[in-house]
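Undergrad: Below is the file entry_10.tsv, with TSV, C-alpha atoms.
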```tsv
chain	number	residue	atom	x	y	z
C	14	MET	CA	-203.73	-151.49	177.74
C	15	ASP	CA	-200.60	-152.77	179.46
C	16	MET	CA	-197.33	-150.87	179.08
C	17	LYS	CA	-195.54	-153.49	177.01
C	18	LYS	CA	-198.31	-153.65	174.41
C	19	ARG	CA	-198.58	-149.86	174.37
C	20	ILE	CA	-194.88	-149.52	173.57
C	21	THR	CA	-195.29	-152.00	170.70
C	22	VAL	CA	-198.16	-149.90	169.34
C	23	GLU	CA	-196.15	-146.67	169.64
C	24	LEU	CA	-193.28	-148.17	167.65
C	25	ARG	CA	-195.50	-148.30	164.53
C	26	ASN	CA	-193.21	-150.80	162.79
C	27	ARG	CA	-190.11	-148.73	163.57
C	28	ARG	CA	-187.00	-149.99	165.28
C	29	PRO	CA	-186.39	-148.86	168.89
C	30	VAL	CA	-183.20	-147.10	167.81
C	31	GLU	CA	-185.31	-144.79	165.60
C	32	ILE	CA	-187.46	-143.54	168.48
C	33	VAL	CA	-186.63	-140.12	169.95
C	34	GLU	CA	-189.86	-139.47	171.86
C	35	LEU	CA	-192.05	-142.06	173.57
C	36	VAL	CA	-195.34	-141.48	175.41
C	37	VAL	CA	-197.09	-144.36	177.23
C	38	ASP	CA	-199.28	-142.32	179.60
C	39	ASN	CA	-202.21	-144.10	181.27
C	40	SER	CA	-201.08	-147.56	180.26
C	41	ARG	CA	-200.77	-150.13	183.07
C	42	SER	CA	-197.76	-151.74	184.70
C	43	ALA	CA	-198.88	-155.09	186.10
C	44	ASP	CA	-196.24	-155.33	188.86
C	45	GLY	CA	-195.34	-151.65	189.28
C	46	GLU	CA	-192.18	-152.04	187.19
C	47	VAL	CA	-191.13	-150.65	183.81
C	48	GLU	CA	-192.12	-153.13	181.08
C	49	GLY	CA	-191.40	-153.34	177.37
C	50	LEU	CA	-188.61	-150.72	177.44
C	51	THR	CA	-185.14	-152.02	176.60
C	52	ASP	CA	-181.56	-150.86	176.08
C	53	ALA	CA	-182.29	-150.74	172.33
C	54	PHE	CA	-183.89	-147.28	172.77
C	55	THR	CA	-180.47	-145.65	172.61
C	56	GLU	CA	-181.68	-142.46	170.87
C	57	LEU	CA	-184.58	-141.75	173.22
C	58	GLU	CA	-184.57	-138.14	174.46
C	59	PHE	CA	-188.08	-137.75	175.87
C	60	LEU	CA	-190.00	-140.38	177.83
C	61	SER	CA	-193.42	-139.93	179.44
C	62	MET	CA	-194.86	-142.57	181.78
C	63	VAL	CA	-197.61	-140.61	183.52
C	64	ASN	CA	-200.14	-142.53	185.62
C	65	VAL	CA	-198.96	-146.03	184.73
C	66	GLY	CA	-198.87	-147.44	188.28
C	67	LEU	CA	-195.08	-147.42	188.75
C	68	SER	CA	-193.77	-148.11	192.23
C	69	SER	CA	-190.16	-148.86	191.23
C	70	LEU	CA	-187.61	-147.82	188.60
C	71	ALA	CA	-185.34	-150.81	189.12
C	72	LYS	CA	-186.07	-152.19	185.63
C	73	LEU	CA	-185.52	-148.93	183.80
C	74	PRO	CA	-183.06	-149.62	180.95
C	75	SER	CA	-180.01	-147.53	180.11
C	76	LEU	CA	-181.12	-144.39	178.25
C	77	PRO	CA	-177.93	-142.34	177.75
C	78	LYS	CA	-179.53	-139.58	175.65
C	79	LEU	CA	-182.65	-139.09	177.75
C	80	HIS	CA	-183.11	-135.39	178.62
C	81	LYS	CA	-186.67	-135.24	179.87
C	82	LEU	CA	-188.56	-137.78	181.99
C	83	GLU	CA	-192.23	-137.48	183.00
C	84	LEU	CA	-193.17	-139.74	185.94
C	85	SER	CA	-196.03	-137.82	187.55
C	86	ASP	CA	-199.04	-139.49	189.22
C	87	ASN	CA	-197.36	-142.80	190.05
C	88	ASN	CA	-196.55	-144.55	193.35
C	89	LEU	CA	-192.82	-143.89	193.53
C	90	SER	CA	-191.29	-143.33	196.95
C	91	GLY	CA	-187.69	-144.41	196.40
C	92	SER	CA	-185.32	-146.20	194.03
C	93	LEU	CA	-184.43	-142.85	192.48
C	94	GLU	CA	-180.75	-143.75	192.54
C	95	THR	CA	-181.44	-145.77	189.37
C	96	LEU	CA	-181.91	-142.51	187.45
C	97	SER	CA	-178.33	-141.31	187.87
C	98	GLU	CA	-177.07	-144.68	186.68
C	99	LYS	CA	-179.44	-145.21	183.74
C	100	CYS	CA	-180.13	-141.61	182.67
C	101	PRO	CA	-176.94	-139.63	183.43
C	102	ASN	CA	-177.82	-136.74	181.11
C	103	LEU	CA	-181.29	-136.05	182.48
C	104	LYS	CA	-182.15	-132.34	182.58
C	105	TYR	CA	-185.85	-132.30	183.46
C	106	LEU	CA	-187.55	-134.66	185.91
C	107	ASN	CA	-191.22	-134.56	186.89
C	108	LEU	CA	-192.07	-136.57	190.00
C	109	SER	CA	-195.21	-134.65	190.97
C	110	GLY	CA	-198.07	-136.63	192.46
C	111	ASN	CA	-195.87	-139.46	193.82
C	112	LYS	CA	-195.29	-140.71	197.38
C	113	ILE	CA	-192.08	-138.84	198.08
C	114	LYS	CA	-192.18	-137.73	201.71
C	115	GLU	CA	-188.64	-137.05	202.91
C	116	LEU	CA	-185.55	-135.21	201.72
C	117	SER	CA	-183.73	-138.50	201.88
C	118	ASN	CA	-185.93	-139.73	199.01
C	119	VAL	CA	-184.52	-137.09	196.64
C	120	GLU	CA	-180.96	-137.20	197.96
C	121	ALA	CA	-180.18	-139.88	195.35
C	122	LEU	CA	-180.65	-137.21	192.65
C	123	GLN	CA	-177.41	-135.51	193.68
C	124	ASN	CA	-175.54	-137.56	191.09
C	125	LEU	CA	-177.66	-136.18	188.25
C	126	LYS	CA	-175.18	-133.42	187.49
C	127	SER	CA	-177.11	-132.10	184.47
C	128	LEU	CA	-180.46	-131.87	186.26
C	129	GLN	CA	-181.86	-128.35	185.86
C	130	SER	CA	-185.58	-128.69	186.60
C	131	LEU	CA	-187.32	-130.85	189.23
C	132	ASP	CA	-191.05	-131.08	189.92
C	133	LEU	CA	-192.28	-132.48	193.24
C	134	PHE	CA	-195.66	-130.79	193.22
C	135	ASN	CA	-198.41	-132.67	195.11
C	136	CYS	CA	-195.84	-134.82	196.92
C	137	GLU	CA	-195.89	-134.91	200.73
C	138	ILE	CA	-192.34	-133.55	200.84
C	139	THR	CA	-193.66	-130.13	199.82
C	140	SER	CA	-195.31	-129.76	203.24
C	141	LEU	CA	-191.96	-129.86	205.05
C	142	GLU	CA	-190.74	-126.68	206.70
C	143	ASP	CA	-188.24	-124.81	204.51
C	144	TYR	CA	-188.95	-127.34	201.78
C	145	ARG	CA	-187.70	-125.21	198.89
C	146	GLU	CA	-184.57	-123.95	200.62
C	147	SER	CA	-183.68	-127.47	201.71
C	148	VAL	CA	-184.07	-128.97	198.23
C	149	PHE	CA	-182.03	-126.21	196.56
C	150	GLU	CA	-179.32	-126.74	199.15
C	151	LEU	CA	-179.38	-130.51	198.71
C	152	LEU	CA	-179.41	-130.27	194.88
C	153	PRO	CA	-177.36	-127.18	193.94
C	154	GLN	CA	-177.37	-128.13	190.25
C	155	VAL	CA	-181.18	-127.62	190.11
C	156	THR	CA	-182.26	-124.21	188.82
C	157	TYR	CA	-186.04	-124.63	188.90
C	158	LEU	CA	-188.07	-126.41	191.58
C	159	ASP	CA	-191.80	-126.83	190.89
C	160	GLY	CA	-191.50	-124.33	188.04
C	161	PHE	CA	-189.69	-121.51	189.90
C	162	ASP	CA	-186.11	-120.66	190.76
C	163	GLN	CA	-184.82	-119.53	194.17
C	164	GLU	CA	-185.89	-115.93	193.46
C	165	ASP	CA	-189.39	-117.08	192.48
C	166	ASN	CA	-188.81	-116.42	188.79
C	167	GLU	CA	-190.92	-118.70	186.63
C	168	ALA	CA	-189.19	-121.24	184.42
C	169	PRO	CA	-189.35	-120.79	180.64
C	170	ASP	CA	-192.03	-122.70	178.80
C	171	SER	CA	-190.74	-126.27	178.67
C	172	GLU	CA	-192.82	-127.03	175.57
C	173	ALA	CA	-191.14	-124.20	173.64
C	174	GLU	CA	-187.75	-125.52	174.72
C	175	ASP	CA	-188.70	-129.00	173.56
C	176	ASP	CA	-189.70	-127.67	170.14
C	177	GLY	CA	-186.24	-126.20	169.71
C	178	GLN	CA	-184.16	-128.99	171.30
C	179	ILE	CA	-185.98	-132.33	171.30
C	180	GLY	CA	-187.23	-133.31	167.89
C	181	GLY	CA	-188.33	-129.73	167.23
C	182	GLU	CA	-188.10	-128.01	163.90
C	183	GLY	CA	-186.40	-124.69	163.47
C	184	PRO	CA	-187.50	-121.89	161.16
C	185	GLU	CA	-187.61	-122.60	157.45
C	186	PRO	CA	-184.37	-121.77	155.63
C	187	GLY	CA	-184.32	-118.30	154.18
C	188	LEU	CA	-187.06	-116.92	156.46
C	189	SER	CA	-186.42	-114.53	159.34
C	190	VAL	CA	-188.00	-115.34	162.68
C	191	SER	CA	-188.58	-111.67	163.31
C	192	ASP	CA	-190.79	-111.46	160.20
C	193	PRO	CA	-194.29	-112.49	161.40
C	194	ASP	CA	-195.59	-113.15	157.89
C	195	PRO	CA	-193.03	-113.24	155.09
C	196	GLY	CA	-195.76	-113.87	152.54
C	197	LEU	CA	-197.48	-110.65	153.55
C	198	SER	CA	-194.42	-108.52	152.83
C	199	LEU	CA	-194.05	-110.15	149.42
C	200	TYR	CA	-197.70	-109.46	148.70
C	201	GLU	CA	-197.30	-105.84	149.71
C	202	ASP	CA	-194.32	-105.50	147.37
C	203	ASP	CA	-196.45	-106.82	144.53
C	204	GLU	CA	-199.12	-104.30	145.38
C	205	ASP	CA	-196.56	-101.50	145.33
C	206	GLU	CA	-195.34	-102.64	141.95
C	207	ASP	CA	-198.91	-102.77	140.67
C	208	GLU	CA	-199.54	-99.26	141.97
C	209	ASP	CA	-196.37	-97.98	140.32
C	210	GLY	CA	-197.35	-99.70	137.09
C	211	SER	CA	-200.86	-98.25	137.19
C	212	GLU	CA	-199.50	-94.77	137.83
C	213	GLY	CA	-197.14	-95.19	134.91
C	214	GLY	CA	-200.06	-96.32	132.75
C	215	GLU	CA	-202.06	-93.26	133.77
C	216	VAL	CA	-199.16	-90.99	132.95
C	217	GLY	CA	-198.75	-92.64	129.56
C	218	LEU	CA	-202.46	-92.29	128.84
C	219	SER	CA	-202.47	-88.65	129.89
C	220	PHE	CA	-199.47	-87.98	127.65
C	221	GLN	CA	-201.18	-89.68	124.74
C	222	VAL	CA	-204.37	-87.65	125.22
C	223	ASN	CA	-202.40	-84.41	125.49
C	224	ARG	CA	-200.44	-85.36	122.36
C	225	ASN	CA	-203.64	-86.02	120.47
C	226	ASP	CA	-205.07	-82.70	121.63
C	227	GLN	CA	-201.90	-80.96	120.50
C	228	ASP	CA	-202.09	-82.67	117.08
C	229	ASP	CA	-205.72	-81.54	116.73
C	230	ASP	CA	-204.70	-77.96	117.60
C	231	ASP	CA	-201.92	-78.10	115.03
C	232	ASP	CA	-204.38	-79.31	112.40
C	233	ASP	CA	-206.77	-76.49	113.25
C	234	GLU	CA	-204.01	-73.90	113.07
C	235	PHE	CA	-202.79	-75.30	109.74
C	236	GLY	CA	-206.34	-75.19	108.36
C	237	GLU	CA	-206.74	-71.61	109.51
C	238	GLU	CA	-203.47	-70.63	107.82
C	239	GLU	CA	-204.62	-72.20	104.54
C	240	GLU	CA	-207.90	-70.30	104.73
C	241	GLU	CA	-206.04	-67.05	105.40
C	242	GLU	CA	-203.75	-67.68	102.41
C	243	GLU	CA	-206.74	-68.41	100.17
C	244	ASP	CA	-208.46	-65.23	101.35
C	245	GLN	CA	-205.31	-63.20	100.70
C	246	ALA	CA	-205.00	-64.75	97.21
C	247	GLY	CA	-208.61	-63.87	96.47
C	248	VAL	CA	-208.13	-60.27	97.57
C	249	GLN	CA	-205.01	-59.91	95.44
C	250	GLY	CA	-206.90	-61.40	92.43
C	251	GLU	CA	-209.70	-58.87	92.84
C	252	LYS	CA	-207.19	-56.06	93.11
C	253	ARG	CA	-205.42	-57.15	89.93
C	254	LYS	CA	-208.78	-57.37	88.11
C	255	ARG	CA	-209.71	-53.83	89.16
C	256	GLU	CA	-206.35	-52.53	88.01
C	257	VAL	CA	-206.76	-54.16	84.57
C	258	ASP	CA	-210.26	-52.71	84.24
C	259	ASP	CA	-208.96	-49.26	85.16
C	260	GLU	CA	-206.24	-49.51	82.54
C	261	GLY	CA	-208.82	-50.46	79.89
C	262	GLU	CA	-210.92	-47.43	80.70
C	263	ASP	CA	-207.88	-45.16	80.42
C	264	ASP	CA	-207.12	-46.58	76.94
C	265	ASP	CA	-210.68	-45.88	75.75
C	266	GLU	CA	-210.50	-42.31	76.92
C	267	ASP	CA	-207.22	-41.78	75.05
C	268	ASP	CA	-208.77	-43.04	71.85
```
Can the structure in the file be given as structure tokens, please?

TA:
Amino acid sequence: MDMKKRITVELRNRRPVEIVELVVDNSRSADGEVEGLTDAFTELEFLSMVNVGLSSLAKLPSLPKLHKLELSDNNLSGSLETLSEKCPNLKYLNLSGNKIKELSNVEALQNLKSLQSLDLFNCEITSLEDYRESVFELLPQVTYLDGFDQEDNEAPDSEAEDDGQIGGEGPEPGLSVSDPDPGLSLYEDDEDEDEDGSEGGEVGLSFQVNRNDQDDDDDDEFGEEEEEEEDQAGVQGEKRKREVDDEGEDDDEDD
């Protein structure tokens, strides 16, 4: 598919001004020039044209908000001065796998004052003596060359940076990034509440059983007291009967 048609497909019935990211990798440029891309893409921040057969950037339109440009595996050897004119706010530029041979080819990038990361991997220029030192000296604004700084510290993950800066989404409102699984903590809280509730239920049940046992004991004690009172009443009745009988006998003897 040619580049112009590919761009039309990627638009998906949207206006160019609505596009923030555009990827046309592996499409074909008939004459080695940029095709189908116009000045109407004013909001474009990320553009990838990997392996599209580019040999020139002369027809690159003005892209004032472009931060990241992927141009690896093309046939570019010069015309890089167009970048500082058309993409003045470029921060990341990947030119790996192109035909850049001399330091003079990248000298035009000096005017890209915001350029922080430059990739020239698999370009002939990397075989030059003191290649890294020379590029860092020529482009002092560049922090990372081929993924490493001057002290050989690796660059941060560019994909993670893109997620946070170019069309990326931040954390959901109300959720802490440091919390790996907010739903888990809520679930644990529910479990704690359930455990507390079950313990309370057990305590209530135990209390009820003990209360019932106590009531049964009270009933038994009350029944025993009634039996003792009945026994005492019976004994007293027998005693009174014997006393009456004794008095009767005494009366008969007196007669």

Undergrad: Take atom CA of Gly49 of chain C and atom CA of Leu103 of chain C and report the distance between them in Å, one decimal.

TA: 20.7 Å

Undergrad: For segment 155-159 of chain C, work out the shell of residues within 7 Å, counting all atoms listed in the file and skipping chain neighbours fewer than 4 positions away, then give it as a PyMOL selection string.

TA: chain C and resi 128-134+149+168

Undergrad: Between atom CA of Glu94 of chain C and atom CA of Cys136 of chain C, measure the distance and give it in Å to one decimal.

TA: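 Interatomic distance here is 18.1 Å.
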
Undergrad: Between atom CA of Ser147 of chain C and atom CA of Asn102 of chain C, what is the spacing in Å?

TA: 23.3 Å

Undergrad: Compare C:Leu70, C:Val63, C:Pro29, C:Ser140 by their minimum atom-to-atom distance to Thr95 of chain C, counting all atoms listed in the file, and give me the closest one.

TA: C:Leu70

Undergrad: Find the residues near Ala53 of chain C: any atom within 9 Å, counting all atoms listed in the file, skip ones fewer than 4 places away on the same chain, and give them as a ChimeraX atom specification.

TA: /C:28-30,74-76

Undergrad: Residues within 9 Å of Leu96 of chain C, please, as number ranges by chain. Count only C-alpha atoms; anything in the same chain fewer than 2 positions from it doesn't count.

TA: C: 70, 73, 92-94, 98-101, 103, 121-122, 124-125

Undergrad: Go ahead and save the picked residues with C-alpha atoms, as an mmCIF file, keeping the file's coordinate frame.

TA:
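Below is the file that was written, result-v2.cif:
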```
data_model
loop_
_atom_site.group_PDB
_atom_site.id
_atom_site.type_symbol
_atom_site.label_atom_id
_atom_site.label_comp_id
_atom_site.auth_asym_id
_atom_site.auth_seq_id
_atom_site.Cartn_x
_atom_site.Cartn_y
_atom_site.Cartn_z
ATOM 1 C CA LEU C 70 -187.610 -147.820 188.600
ATOM 2 C CA LEU C 73 -185.520 -148.930 183.800
ATOM 3 C CA SER C 92 -185.320 -146.200 194.030
ATOM 4 C CA LEU C 93 -184.430 -142.850 192.480
ATOM 5 C CA GLU C 94 -180.750 -143.750 192.540
ATOM 6 C CA GLU C 98 -177.070 -144.680 186.680
ATOM 7 C CA LYS C 99 -179.440 -145.210 183.740
ATOM 8 C CA CYS C 100 -180.130 -141.610 182.670
ATOM 9 C CA PRO C 101 -176.940 -139.630 183.430
ATOM 10 C CA LEU C 103 -181.290 -136.050 182.480
ATOM 11 C CA ALA C 121 -180.180 -139.880 195.350
ATOM 12 C CA LEU C 122 -180.650 -137.210 192.650
ATOM 13 C CA ASN C 124 -175.540 -137.560 191.090
ATOM 14 C CA LEU C 125 -177.660 -136.180 188.250
#
```

Undergrad: As number ranges by chain, please: the residues near Glu83 of chain C (cut-off 7 Å, all atoms listed in the file, same-chain neighbours under 3 positions excluded).

TA: C: 60-63, 106-107

Undergrad: Counting all atoms listed in the file, figure out which residue out of C:Ile138, C:Val37, C:Leu152, C:Leu89 gets nearest to Arg19 of chain C.

TA: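 Using all atoms listed in the file, the shortest distance to Arg19 of chain C belongs to C:Val37.
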